[in-house]
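As stored in model08.cif (mmCIF, C-alpha atoms and all ligand atoms):
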data_data
loop_
_atom_site.label_atom_id
_atom_site.label_comp_id
_atom_site.auth_asym_id
_atom_site.auth_seq_id
_atom_site.Cartn_x
_atom_site.Cartn_y
_atom_site.Cartn_z
CA MET A 14 0.00 0.00 0.00
CA ILE A 15 1.32 3.46 -0.90
CA HIS A 16 0.56 6.32 1.44
CA LYS A 17 0.27 9.60 -0.48
CA LYS A 18 -0.12 13.07 0.98
CA THR A 19 -1.14 16.22 -0.82
CA ILE A 20 -0.62 19.88 -0.06
CA SER A 21 -2.09 22.74 -2.11
CA VAL A 22 -0.87 26.29 -1.71
CA GLU A 23 -0.97 29.56 -3.56
CA ALA A 24 1.58 32.38 -3.68
CA PRO A 25 1.47 35.75 -5.42
CA ALA A 26 3.86 37.60 -7.70
CA ASN A 27 5.53 40.76 -6.38
CA ILE A 28 6.72 44.02 -7.86
CA ALA A 29 10.10 45.42 -6.81
CA PHE A 30 10.37 49.05 -5.70
CA VAL A 31 14.14 48.82 -5.19
CA LYS A 32 15.44 46.27 -7.68
CA TYR A 33 17.48 43.17 -7.02
CA TRP A 34 19.99 43.18 -9.86
CA GLY A 35 23.16 41.12 -9.55
CA LYS A 36 23.95 38.02 -7.51
CA GLN A 37 26.75 36.61 -5.41
CA GLY A 38 27.48 33.27 -3.76
CA ARG A 39 24.62 30.82 -3.66
CA GLN A 40 21.73 32.84 -5.06
CA MET A 41 22.31 35.88 -2.82
CA PRO A 42 21.80 39.48 -3.93
CA ILE A 43 24.55 42.07 -4.32
CA ASN A 44 22.18 44.71 -2.95
CA PRO A 45 19.08 44.95 -0.73
CA SER A 46 15.70 45.12 -2.47
CA VAL A 47 12.21 46.28 -1.45
CA SER A 48 8.91 45.10 -2.95
CA MET A 49 5.15 44.94 -2.77
CA THR A 50 3.45 41.56 -2.71
CA LEU A 51 0.55 41.39 -5.17
CA LYS A 52 -2.87 39.92 -4.47
CA GLU A 53 -4.58 38.74 -7.65
CA CYS A 54 -1.61 37.49 -9.69
CA VAL A 55 -0.93 34.15 -8.02
CA THR A 56 0.48 30.70 -8.76
CA ARG A 57 -1.53 27.78 -7.42
CA CYS A 58 0.57 24.73 -6.66
CA GLN A 59 -0.34 21.22 -5.66
CA ILE A 60 2.32 18.81 -4.47
CA GLU A 61 1.53 15.13 -4.02
CA TYR A 62 4.30 13.38 -2.10
CA GLU A 63 5.14 9.92 -0.83
CA ASP A 64 8.10 8.23 0.86
CA PHE A 65 10.49 6.78 -1.61
CA LYS A 66 14.15 5.92 -1.45
CA GLU A 67 15.15 5.45 -5.07
CA GLY A 68 14.57 7.10 -8.43
CA PRO A 69 14.09 10.75 -9.38
CA ILE A 70 12.67 13.20 -6.82
CA LEU A 71 10.29 14.72 -9.34
CA GLU A 72 7.95 12.02 -10.55
CA SER A 73 5.81 14.31 -12.70
CA TYR A 74 5.23 17.98 -13.39
CA GLN A 75 2.33 19.71 -15.09
CA PHE A 76 1.84 23.38 -15.87
CA GLU A 77 -1.80 24.31 -16.41
CA GLY A 78 -2.74 20.71 -17.05
CA ALA A 79 -0.04 19.95 -19.62
CA GLU A 80 3.59 18.84 -19.78
CA ASN A 81 6.05 21.73 -19.89
CA GLU A 82 9.62 20.66 -20.40
CA ALA A 83 11.31 23.99 -19.73
CA PHE A 84 9.55 24.49 -16.37
CA ARG A 85 9.97 20.83 -15.47
CA ASN A 86 13.73 20.97 -16.06
CA ARG A 87 14.08 24.12 -13.98
CA ILE A 88 12.10 22.63 -11.07
CA GLU A 89 13.91 19.30 -11.26
CA LYS A 90 17.30 21.04 -11.20
CA TYR A 91 16.13 23.15 -8.25
CA LEU A 92 15.02 20.10 -6.24
CA ASN A 93 18.30 18.29 -6.89
CA ASP A 94 20.29 21.42 -5.98
CA ILE A 95 18.63 21.95 -2.59
CA ILE A 96 18.99 18.41 -1.17
CA ASP A 97 21.81 19.51 1.16
CA ILE A 98 19.57 22.28 2.55
CA TYR A 99 16.36 20.25 2.50
CA PRO A 100 17.44 16.65 3.21
CA LEU A 101 13.87 15.35 3.38
CA LEU A 102 14.07 15.21 -0.41
CA GLU A 103 16.39 12.22 -0.15
CA ASN A 104 13.36 10.15 0.79
CA LEU A 105 10.56 11.84 -1.10
CA LYS A 106 8.97 11.50 -4.50
CA LEU A 107 6.98 14.51 -5.67
CA SER A 108 4.31 15.10 -8.30
CA ILE A 109 3.87 18.83 -8.83
CA LYS A 110 1.15 20.77 -10.63
CA THR A 111 1.15 24.54 -10.99
CA GLU A 112 -1.12 27.05 -12.67
CA ASN A 113 -1.23 30.84 -12.77
CA THR A 114 -4.21 33.13 -12.41
CA PHE A 115 -2.46 35.49 -14.82
CA PRO A 116 -1.32 34.64 -18.34
CA HIS A 117 2.17 33.15 -18.47
CA SER A 118 3.07 35.45 -21.33
CA ALA A 119 1.89 38.53 -19.46
CA GLY A 120 5.43 39.52 -18.53
CA ILE A 121 4.66 39.30 -14.84
CA ALA A 122 7.47 37.46 -13.09
CA SER A 123 5.90 34.02 -12.92
CA SER A 124 9.07 32.47 -11.51
CA ALA A 125 8.61 34.57 -8.35
CA SER A 126 5.10 33.29 -7.61
CA ALA A 127 5.93 29.74 -8.74
CA PHE A 128 9.01 29.34 -6.55
CA ALA A 129 7.33 31.12 -3.63
CA ALA A 130 4.51 28.55 -3.91
CA ILE A 131 6.91 25.58 -4.17
CA GLY A 132 9.08 26.90 -1.32
CA TYR A 133 6.01 27.47 0.84
CA ALA A 134 4.68 23.98 0.13
CA LEU A 135 8.09 22.44 0.96
CA ALA A 136 8.23 24.37 4.24
CA GLN A 137 4.75 23.04 5.07
CA ILE A 138 5.74 19.45 4.21
CA GLU A 139 8.78 19.81 6.47
CA LYS A 140 6.61 21.34 9.23
CA SER A 141 9.30 23.97 9.67
CA GLU A 142 9.30 25.89 12.94
CA ASN A 143 9.26 29.26 11.18
CA ILE A 144 7.32 28.56 7.99
CA ASP A 145 7.61 32.04 6.45
CA LYS A 146 11.33 32.37 6.98
CA ARG A 147 12.02 28.83 5.76
CA ALA A 148 9.71 29.23 2.76
CA SER A 149 11.41 32.49 1.79
CA GLU A 150 14.82 30.83 2.01
CA LEU A 151 13.69 27.85 -0.10
CA ALA A 152 11.95 30.16 -2.60
CA ARG A 153 15.11 32.28 -2.92
CA LEU A 154 17.11 29.27 -4.02
CA GLY A 155 14.67 28.82 -6.92
CA SER A 156 14.40 32.47 -7.94
CA GLY A 157 15.80 35.39 -5.95
CA SER A 158 12.74 37.63 -6.19
CA ALA A 159 10.53 34.70 -5.07
CA SER A 160 11.95 35.16 -1.56
CA ARG A 161 9.83 38.34 -1.34
CA SER A 162 6.50 36.69 -2.28
CA VAL A 163 5.95 34.54 0.83
CA THR A 164 4.42 37.24 3.02
CA GLY A 165 3.31 40.81 2.48
CA PRO A 166 2.28 43.46 1.87
CA TYR A 167 5.74 45.12 1.77
CA MET A 168 8.93 43.10 1.85
CA MET A 169 12.66 43.53 1.92
CA TRP A 170 15.42 41.08 1.13
CA GLY A 171 19.15 41.43 1.64
CA ASP A 172 21.47 42.56 4.44
CA PHE A 173 20.76 46.17 5.24
CA GLU A 174 21.96 48.21 8.21
CA GLU A 175 19.93 47.52 11.33
CA GLU A 176 16.93 46.01 9.48
CA ALA A 177 16.25 42.33 10.24
CA SER A 178 16.29 41.21 6.60
CA THR A 179 19.23 39.13 5.42
CA ASP A 180 20.70 37.80 2.18
CA GLY A 181 19.21 34.42 3.09
CA TYR A 182 15.53 35.35 3.24
CA ALA A 183 13.09 38.26 3.02
CA ILE A 184 11.01 39.80 5.81
CA ALA A 185 7.90 41.98 5.95
CA ILE A 186 8.65 45.68 6.52
CA GLU A 187 7.20 46.93 9.81
CA ASP A 188 5.66 50.29 10.76
CA ILE A 189 4.43 51.33 7.32
CA HIS A 190 2.55 54.64 7.21
CA LEU A 191 -1.24 54.41 6.97
CA ASP A 192 -1.26 56.03 3.49
CA PHE A 193 0.75 53.09 2.15
CA HIS A 194 -1.54 50.42 3.56
CA ASN A 195 -3.51 49.64 0.43
CA LEU A 196 -1.36 50.56 -2.55
CA LYS A 197 -2.71 49.71 -5.99
CA ASP A 198 -0.82 48.38 -9.00
CA ALA A 199 -2.17 48.57 -12.55
CA VAL A 200 -0.08 46.28 -14.74
CA LEU A 201 0.01 47.65 -18.30
CA LEU A 202 0.76 44.74 -20.62
CA ILE A 203 2.64 46.65 -23.29
CA ASP A 204 4.14 43.64 -25.03
CA GLN A 205 3.74 39.96 -24.31
CA ASN A 206 6.63 38.55 -26.28
CA GLU A 207 9.11 36.30 -24.54
CA LYS A 208 12.04 38.24 -23.01
CA LYS A 209 15.05 38.50 -25.30
CA ILE A 210 17.47 38.03 -22.39
CA SER A 211 16.56 36.16 -19.19
CA SER A 212 16.87 37.83 -15.79
CA SER A 213 19.48 35.25 -14.83
CA ALA A 214 21.65 36.31 -17.78
CA GLY A 215 21.10 39.97 -16.82
CA HIS A 216 22.14 39.33 -13.20
CA ALA A 217 25.33 37.64 -14.44
CA MET A 218 26.27 40.71 -16.50
CA MET A 219 26.43 42.73 -13.27
CA ASP A 220 29.52 40.72 -12.22
CA THR A 221 31.70 42.77 -14.54
CA HIS A 222 29.46 45.79 -15.11
CA PRO A 223 31.38 49.10 -15.25
CA PHE A 224 28.79 50.76 -12.95
CA ARG A 225 28.52 47.84 -10.51
CA GLU A 226 29.95 49.57 -7.42
CA ASN A 227 27.94 52.74 -7.95
CA ARG A 228 24.79 50.71 -8.51
CA ILE A 229 25.30 48.85 -5.22
CA LYS A 230 25.84 52.16 -3.43
CA GLN A 231 22.75 53.68 -5.06
CA ALA A 232 20.53 50.67 -4.22
CA ASN A 233 21.57 50.95 -0.56
CA GLN A 234 20.83 54.69 -0.51
CA HIS A 235 17.48 54.08 -2.23
CA THR A 236 16.59 51.37 0.27
CA LYS A 237 17.25 53.74 3.15
CA LYS A 238 15.20 56.53 1.57
CA ILE A 239 12.30 54.40 0.42
CA LEU A 240 11.93 52.78 3.86
CA LYS A 241 11.85 56.28 5.35
CA ALA A 242 9.29 57.41 2.78
CA MET A 243 7.08 54.37 3.39
CA ARG A 244 7.25 54.79 7.15
CA GLU A 245 6.69 58.56 7.15
CA GLY A 246 4.12 58.62 4.36
CA ASP A 247 6.28 60.68 1.98
CA TRP A 248 4.57 59.77 -1.31
CA GLU A 249 6.63 62.07 -3.51
CA LEU A 250 9.97 60.81 -2.24
CA PHE A 251 8.66 57.25 -2.65
CA GLY A 252 7.61 57.94 -6.24
CA ASN A 253 10.89 59.54 -7.21
CA ILE A 254 12.87 56.58 -5.98
CA LEU A 255 10.45 54.16 -7.62
CA GLU A 256 10.91 55.69 -11.07
CA THR A 257 14.66 56.17 -10.70
CA GLU A 258 15.00 52.50 -9.75
CA ALA A 259 13.05 51.35 -12.81
CA LEU A 260 15.06 53.50 -15.19
CA THR A 261 18.37 52.59 -13.53
CA LEU A 262 17.58 48.88 -13.96
CA HIS A 263 17.09 49.42 -17.68
CA ALA A 264 20.13 51.71 -17.87
CA MET A 265 22.15 48.83 -16.42
CA MET A 266 20.87 46.58 -19.19
CA MET A 267 21.62 49.12 -21.90
CA THR A 268 25.18 49.54 -20.61
CA SER A 269 25.82 45.81 -20.00
CA SER A 270 28.18 43.87 -22.18
CA PRO A 271 26.60 42.90 -24.49
CA SER A 272 24.16 45.77 -24.34
CA TYR A 273 20.46 45.01 -24.57
CA LEU A 274 17.17 46.82 -24.48
CA LEU A 275 13.88 45.50 -23.10
CA LEU A 276 11.81 48.70 -23.24
CA ALA A 277 9.38 49.03 -26.14
CA PRO A 278 8.30 52.25 -27.91
CA ASN A 279 4.96 52.08 -26.10
CA THR A 280 6.73 51.81 -22.73
CA LEU A 281 8.27 55.23 -23.39
CA ALA A 282 4.98 56.62 -24.68
CA ALA A 283 3.24 55.47 -21.48
CA ILE A 284 5.96 57.03 -19.28
CA GLU A 285 5.46 60.37 -21.07
CA LYS A 286 1.70 60.22 -20.52
CA ILE A 287 2.07 59.30 -16.86
CA ARG A 288 4.48 62.19 -16.24
CA ASP A 289 2.25 64.55 -18.16
CA TYR A 290 -0.77 63.47 -16.10
CA ARG A 291 1.17 64.17 -12.90
CA LYS A 292 2.05 67.67 -14.10
CA LYS A 293 -1.51 68.49 -15.08
CA THR A 294 -3.35 67.13 -12.06
CA SER A 295 -2.74 67.04 -8.34
CA ILE A 296 -2.89 63.27 -8.48
CA SER A 297 0.28 61.26 -8.27
CA ALA A 298 0.74 57.86 -9.77
CA TYR A 299 4.29 56.59 -10.27
CA PHE A 300 5.57 53.87 -12.56
CA THR A 301 7.98 51.04 -12.12
CA ILE A 302 9.19 48.43 -14.60
CA ASP A 303 10.77 45.00 -14.11
CA ALA A 304 12.93 43.15 -16.61
CA GLY A 305 10.59 43.62 -19.56
CA PRO A 306 8.59 46.31 -21.39
CA ASN A 307 5.50 46.29 -19.11
CA ILE A 308 4.67 49.10 -16.75
CA HIS A 309 3.37 48.81 -13.21
CA LEU A 310 1.58 51.99 -12.25
CA ILE A 311 1.49 52.39 -8.47
CA TYR A 312 -1.10 54.65 -6.83
CA LEU A 313 -2.89 55.36 -3.58
CA GLN A 314 -6.24 53.79 -2.82
CA LYS A 315 -7.82 57.23 -2.34
CA ASP A 316 -6.94 58.12 -5.96
CA GLU A 317 -8.25 54.86 -7.38
CA GLU A 318 -11.18 56.29 -9.30
CA SER A 319 -9.32 59.14 -11.00
CA VAL A 320 -6.19 57.15 -11.81
CA GLU A 321 -8.13 54.23 -13.24
CA SER A 322 -10.19 56.51 -15.42
CA PHE A 323 -6.95 58.17 -16.65
CA ILE A 324 -5.50 54.72 -17.40
CA LYS A 325 -8.56 53.53 -19.28
CA GLN A 326 -8.77 56.69 -21.36
CA ASN A 327 -5.08 57.25 -22.09
CA LEU A 328 -3.06 54.10 -21.68
CA THR A 329 -5.27 51.28 -22.96
CA ASP A 330 -4.28 51.89 -26.59
CA LEU A 331 -0.61 51.48 -25.70
CA CYS A 332 -1.21 47.99 -24.29
CA HIS A 333 -1.23 44.73 -26.22
CA ASP A 334 -4.91 44.06 -27.03
CA GLY A 335 -5.70 46.78 -24.49
CA ARG A 336 -4.77 44.44 -21.65
CA ILE A 337 -4.36 45.81 -18.15
CA ILE A 338 -4.43 43.87 -14.86
CA PHE A 339 -5.70 45.86 -11.88
CA ASP A 340 -4.02 44.45 -8.81
CA GLN A 341 -3.13 45.64 -5.32
CA CYS A 342 -0.94 44.74 -2.37
CA GLY A 343 -1.59 41.39 -0.75
CA ALA A 344 -0.68 39.19 2.19
CA GLY A 345 1.42 36.45 0.59
CA ALA A 346 1.28 32.66 0.40
CA ARG A 347 -1.32 30.40 2.03
CA VAL A 348 -2.33 26.77 2.24
CA THR A 349 -5.56 26.11 0.34
CA ALA A 350 -5.95 22.34 0.97
CA SER A 351 -4.16 19.32 2.39
CA GLY A 352 -4.96 15.64 2.71
CA SER A 353 -3.73 12.07 2.51
CA SER A 354 -4.80 8.86 0.83
CA ASP A 355 -3.82 5.16 0.63
CA GLU A 356 -3.58 3.44 -2.72
C1 LIG B 401 14.21 42.85 -12.44
O1 LIG B 401 14.33 36.82 -9.34
O2 LIG B 401 13.75 36.68 -11.79
O3 LIG B 401 12.52 41.56 -11.39
O4 LIG B 401 17.05 34.96 -9.16
O5 LIG B 401 17.71 34.58 -11.54
O6 LIG B 401 15.41 33.94 -10.76
P1 LIG B 401 16.59 34.89 -10.60
O7 LIG B 401 16.11 36.33 -11.03
P2 LIG B 401 14.74 37.05 -10.75
O8 LIG B 401 15.18 38.55 -10.94
C2 LIG B 401 14.24 39.56 -10.82
C3 LIG B 401 14.82 40.86 -11.15
C4 LIG B 401 13.85 42.02 -11.22
C5 LIG B 401 13.96 42.91 -10.01
C6 LIG B 401 13.36 42.39 -8.73
O9 LIG B 401 12.34 41.67 -8.75
O10 LIG B 401 13.89 42.78 -7.66
#

Kindly transcribe the structure held in the file into structure tokens.
Ligand code: DP6
Amino acid sequence: MIHKKTISVEAPANIAFVKYWGKQGRQMPINPSVSMTLKECVTRCQIEYEDFKEGPILESYQFEGAENEAFRNRIEKYLNDIIDIYPLLENLKLSIKTENTFPHSAGIASSASAFAAIGYALAQIEKSENIDKRASELARLGSGSASRSVTGPYMMWGDFEEEASTDGYAIAIEDIHLDFHNLKDAVLLIDQNEKKISSSAGHAMMDTHPFRENRIKQANQHTKKILKAMREGDWELFGNILETEALTLHAMMMTSSPSYLLLAPNTLAAIEKIRDYRKKTSISAYFTIDAGPNIHLIYLQKDEESVESFIKQNLTDLCHDGRIIFDQCGAGARVTASGSSDE
């Protein structure tokens, strides 16, 4: 008789305010990063597991009900790589299924939500003492930014002054100002084509980047300032750092060797319109961009109505098929079901 157990979890994507760009050691960042955990854009993950002493750890993998070789290979490599950190895997056989509530091609970092979900499920299977910390550590080993998707709403990852976050795992930021409690994120899907250069390749180019040391210094200064802004409710300071971070990330790409460019003409057109809107109204919405052409427009809950009407009227045409995802900050990963069966 085979005794099988199942755990189902879900974990959201996140959007970085201060960007993680460049790695060192075993999947550790060269600079601290700060992010917002999303709510609606989540990966659902089911892991069926049983005791087993021989054969591959990953018995089967399905993405949205079908085989997916690229994802399967990445997950299999991940599981084999973490055995020294998660020795339970020596005696486990896993069947994993994942699906996203957002389209895979949407340019939202699906590796962050996927590895946060897998890391969270593994921490649950292990019955870790500190589930969130352990899940963040396990998620980080799969994808750095995934470490920031385990809890929410605002997270930081990486050693930084007297903050409790470390290079090993992310933590929730405490004492956030009331104004920042329910931030909104409209994801403008400018272009849905596959990225020309993966984030992993981009991180690697930071090893020898001519601006590396200045970038590390700047990210530390931005972390200090953005934490201050988020704790004191300084929306303008927050917004300035947010936009500088996004543009610096892309400036790093443009000045990498080889140089590359992920922004699209409509990304620039949207930035112009957003800045113009800020000049003409008293309402502030600020953009950020990850490693792709899509824009995340961040705004306060009190401005929701006006900003969303501005977006619908002025930015829809710049998006691929007019697609926009309206999301907001969220609480992180959770268990949705668990059970066991004998076969
Ligand atoms: C631009 O976490 O996707 O989104 O660790 O190689 O999986 P890997 O990279 P990944 O890098 C994300 C970079 C970023 C900025 C950020 O999320 O901080």

Can you tell me which residues surround Val31 of chain A at a distance of at most 6 Å, considering all atoms listed in the file, apart from same-chain residues fewer than 2 positions away, and format the answer as a ChimeraX atom specification? /A:29,46-47,258

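Once Met169 of chain A and its same-chain neighbours fewer than 2 positions away are set aside, Ala29, Phe30, Val31, Pro45, Ser46, Val47, Ser48, Met49, Ser160, Arg161, Gly165, Tyr167, Gly171, Asp172, Phe173, Glu176, Ala177, Ser178, Thr179, Asp180, Tyr182, Ala183, Ile184, Ala185, Ile186, Thr236 and Leu240 of chain A remain within 10 Å of it when counting all atoms listed in the file.
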
Notebook entry, point to check: Expressed in Å to a single decimal, how great is the separation between atom C1 of ligand LIG 401 (chain B) and atom CA of Ile98 of chain A?
Noted result: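 For atom C1 of ligand LIG 401 (chain B) relative to atom CA of Ile98 of chain A, the distance reads 26.0 Å.
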
Shortest contact to ligand LIG 401 (chain B), candidates A:Gln341, A:Ser156, A:Ser21, A:Thr329, atoms counted all atoms listed in the file, goes to A:Ser156

Enumerate as an mmCIF file with C-alpha atoms, keeping the file's coordinate frame the residues within 9 Å of ligand LIG 401 (chain B), counting all atoms listed in the file.
data_model
loop_
_atom_site.group_PDB
_atom_site.id
_atom_site.type_symbol
_atom_site.label_atom_id
_atom_site.label_comp_id
_atom_site.auth_asym_id
_atom_site.auth_seq_id
_atom_site.Cartn_x
_atom_site.Cartn_y
_atom_site.Cartn_z
ATOM 1 C CA ASN A 27 5.530 40.760 -6.380
ATOM 2 C CA ILE A 28 6.720 44.020 -7.860
ATOM 3 C CA ALA A 29 10.100 45.420 -6.810
ATOM 4 C CA PHE A 30 10.370 49.050 -5.700
ATOM 5 C CA VAL A 31 14.140 48.820 -5.190
ATOM 6 C CA LYS A 32 15.440 46.270 -7.680
ATOM 7 C CA TYR A 33 17.480 43.170 -7.020
ATOM 8 C CA TRP A 34 19.990 43.180 -9.860
ATOM 9 C CA GLY A 35 23.160 41.120 -9.550
ATOM 10 C CA LYS A 36 23.950 38.020 -7.510
ATOM 11 C CA GLN A 40 21.730 32.840 -5.060
ATOM 12 C CA MET A 41 22.310 35.880 -2.820
ATOM 13 C CA PRO A 42 21.800 39.480 -3.930
ATOM 14 C CA PRO A 45 19.080 44.950 -0.730
ATOM 15 C CA SER A 46 15.700 45.120 -2.470
ATOM 16 C CA VAL A 47 12.210 46.280 -1.450
ATOM 17 C CA SER A 48 8.910 45.100 -2.950
ATOM 18 C CA ILE A 121 4.660 39.300 -14.840
ATOM 19 C CA ALA A 122 7.470 37.460 -13.090
ATOM 20 C CA SER A 123 5.900 34.020 -12.920
ATOM 21 C CA SER A 124 9.070 32.470 -11.510
ATOM 22 C CA ALA A 125 8.610 34.570 -8.350
ATOM 23 C CA PHE A 128 9.010 29.340 -6.550
ATOM 24 C CA ARG A 153 15.110 32.280 -2.920
ATOM 25 C CA LEU A 154 17.110 29.270 -4.020
ATOM 26 C CA GLY A 155 14.670 28.820 -6.920
ATOM 27 C CA SER A 156 14.400 32.470 -7.940
ATOM 28 C CA GLY A 157 15.800 35.390 -5.950
ATOM 29 C CA SER A 158 12.740 37.630 -6.190
ATOM 30 C CA ALA A 159 10.530 34.700 -5.070
ATOM 31 C CA SER A 160 11.950 35.160 -1.560
ATOM 32 C CA ARG A 161 9.830 38.340 -1.340
ATOM 33 C CA SER A 211 16.560 36.160 -19.190
ATOM 34 C CA SER A 212 16.870 37.830 -15.790
ATOM 35 C CA SER A 213 19.480 35.250 -14.830
ATOM 36 C CA ALA A 214 21.650 36.310 -17.780
ATOM 37 C CA GLY A 215 21.100 39.970 -16.820
ATOM 38 C CA HIS A 216 22.140 39.330 -13.200
ATOM 39 C CA ALA A 217 25.330 37.640 -14.440
ATOM 40 C CA ALA A 259 13.050 51.350 -12.810
ATOM 41 C CA LEU A 262 17.580 48.880 -13.960
ATOM 42 C CA HIS A 263 17.090 49.420 -17.680
ATOM 43 C CA ILE A 302 9.190 48.430 -14.600
ATOM 44 C CA ASP A 303 10.770 45.000 -14.110
ATOM 45 C CA ALA A 304 12.930 43.150 -16.610
ATOM 46 C CA GLY A 305 10.590 43.620 -19.560
#

Considering only C-alpha atoms, tabulate each residue of segment 311-356 of chain A that lies at most 8 Å from segment 281-296 of chain A along with its nearest interatomic pair and the corresponding distance in Å to one decimal; arrange the rows by chain and ascending residue number and present them as a tab-separated table.
residue	atom	partner	partner_atom	distance
A:Asp316	CA	A:Ile296	CA	7.0
A:Val320	CA	A:Ile296	CA	7.7
A:Asn327	CA	A:Lys286	CA	7.6
A:Leu328	CA	A:Ala283	CA	6.5
A:Leu331	CA	A:Ala283	CA	7.0

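Nearest-residue note for Asp340 of chain A: choosing from A:Thr114, A:Ser353, A:Gln75, A:Gln59, the minimum distance belongs to A:Thr114, counting only C-alpha atoms.
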
Correct to one decimal, the distance atom CA of Pro69 of chain A-atom CA of Arg347 of chain A is 27.5 Å

As a check of understanding: the span from atom CA of Ile60 of chain A to atom CA of Ile144 of chain A is 16.6 Å

Using all atoms listed in the file, which residues of segment 206-282 of chain A come within 9 Å of segment 188-194 of chain A, and what is the closest atom pair for each, with the distance in Å to one decimal? Give it as JSON lines, sorted by chain and residue number.
{"residue": "A:Leu240", "atom": "CA", "partner": "A:Ile189", "partner_atom": "CA", "distance": 8.4}
{"residue": "A:Ala242", "atom": "CA", "partner": "A:His190", "partner_atom": "CA", "distance": 8.5}
{"residue": "A:Met243", "atom": "CA", "partner": "A:Ile189", "partner_atom": "CA", "distance": 5.6}
{"residue": "A:Arg244", "atom": "CA", "partner": "A:Ile189", "partner_atom": "CA", "distance": 4.5}
{"residue": "A:Glu245", "atom": "CA", "partner": "A:His190", "partner_atom": "CA", "distance": 5.7}
{"residue": "A:Gly246", "atom": "CA", "partner": "A:His190", "partner_atom": "CA", "distance": 5.1}
{"residue": "A:Asp247", "atom": "CA", "partner": "A:His190", "partner_atom": "CA", "distance": 8.8}
{"residue": "A:Trp248", "atom": "CA", "partner": "A:Asp192", "partner_atom": "CA", "distance": 8.4}

Is it possible to get the axis-aligned box enclosing segment 176-189 of chain A (all listed atoms, 8 Å extra per side) as JSON, with centre and edge lengths in Å rounded to one decimal?
{"center_x": 12.6, "center_y": 42.9, "center_z": 6.5, "size_x": 32.3, "size_y": 32.9, "size_z": 24.6}
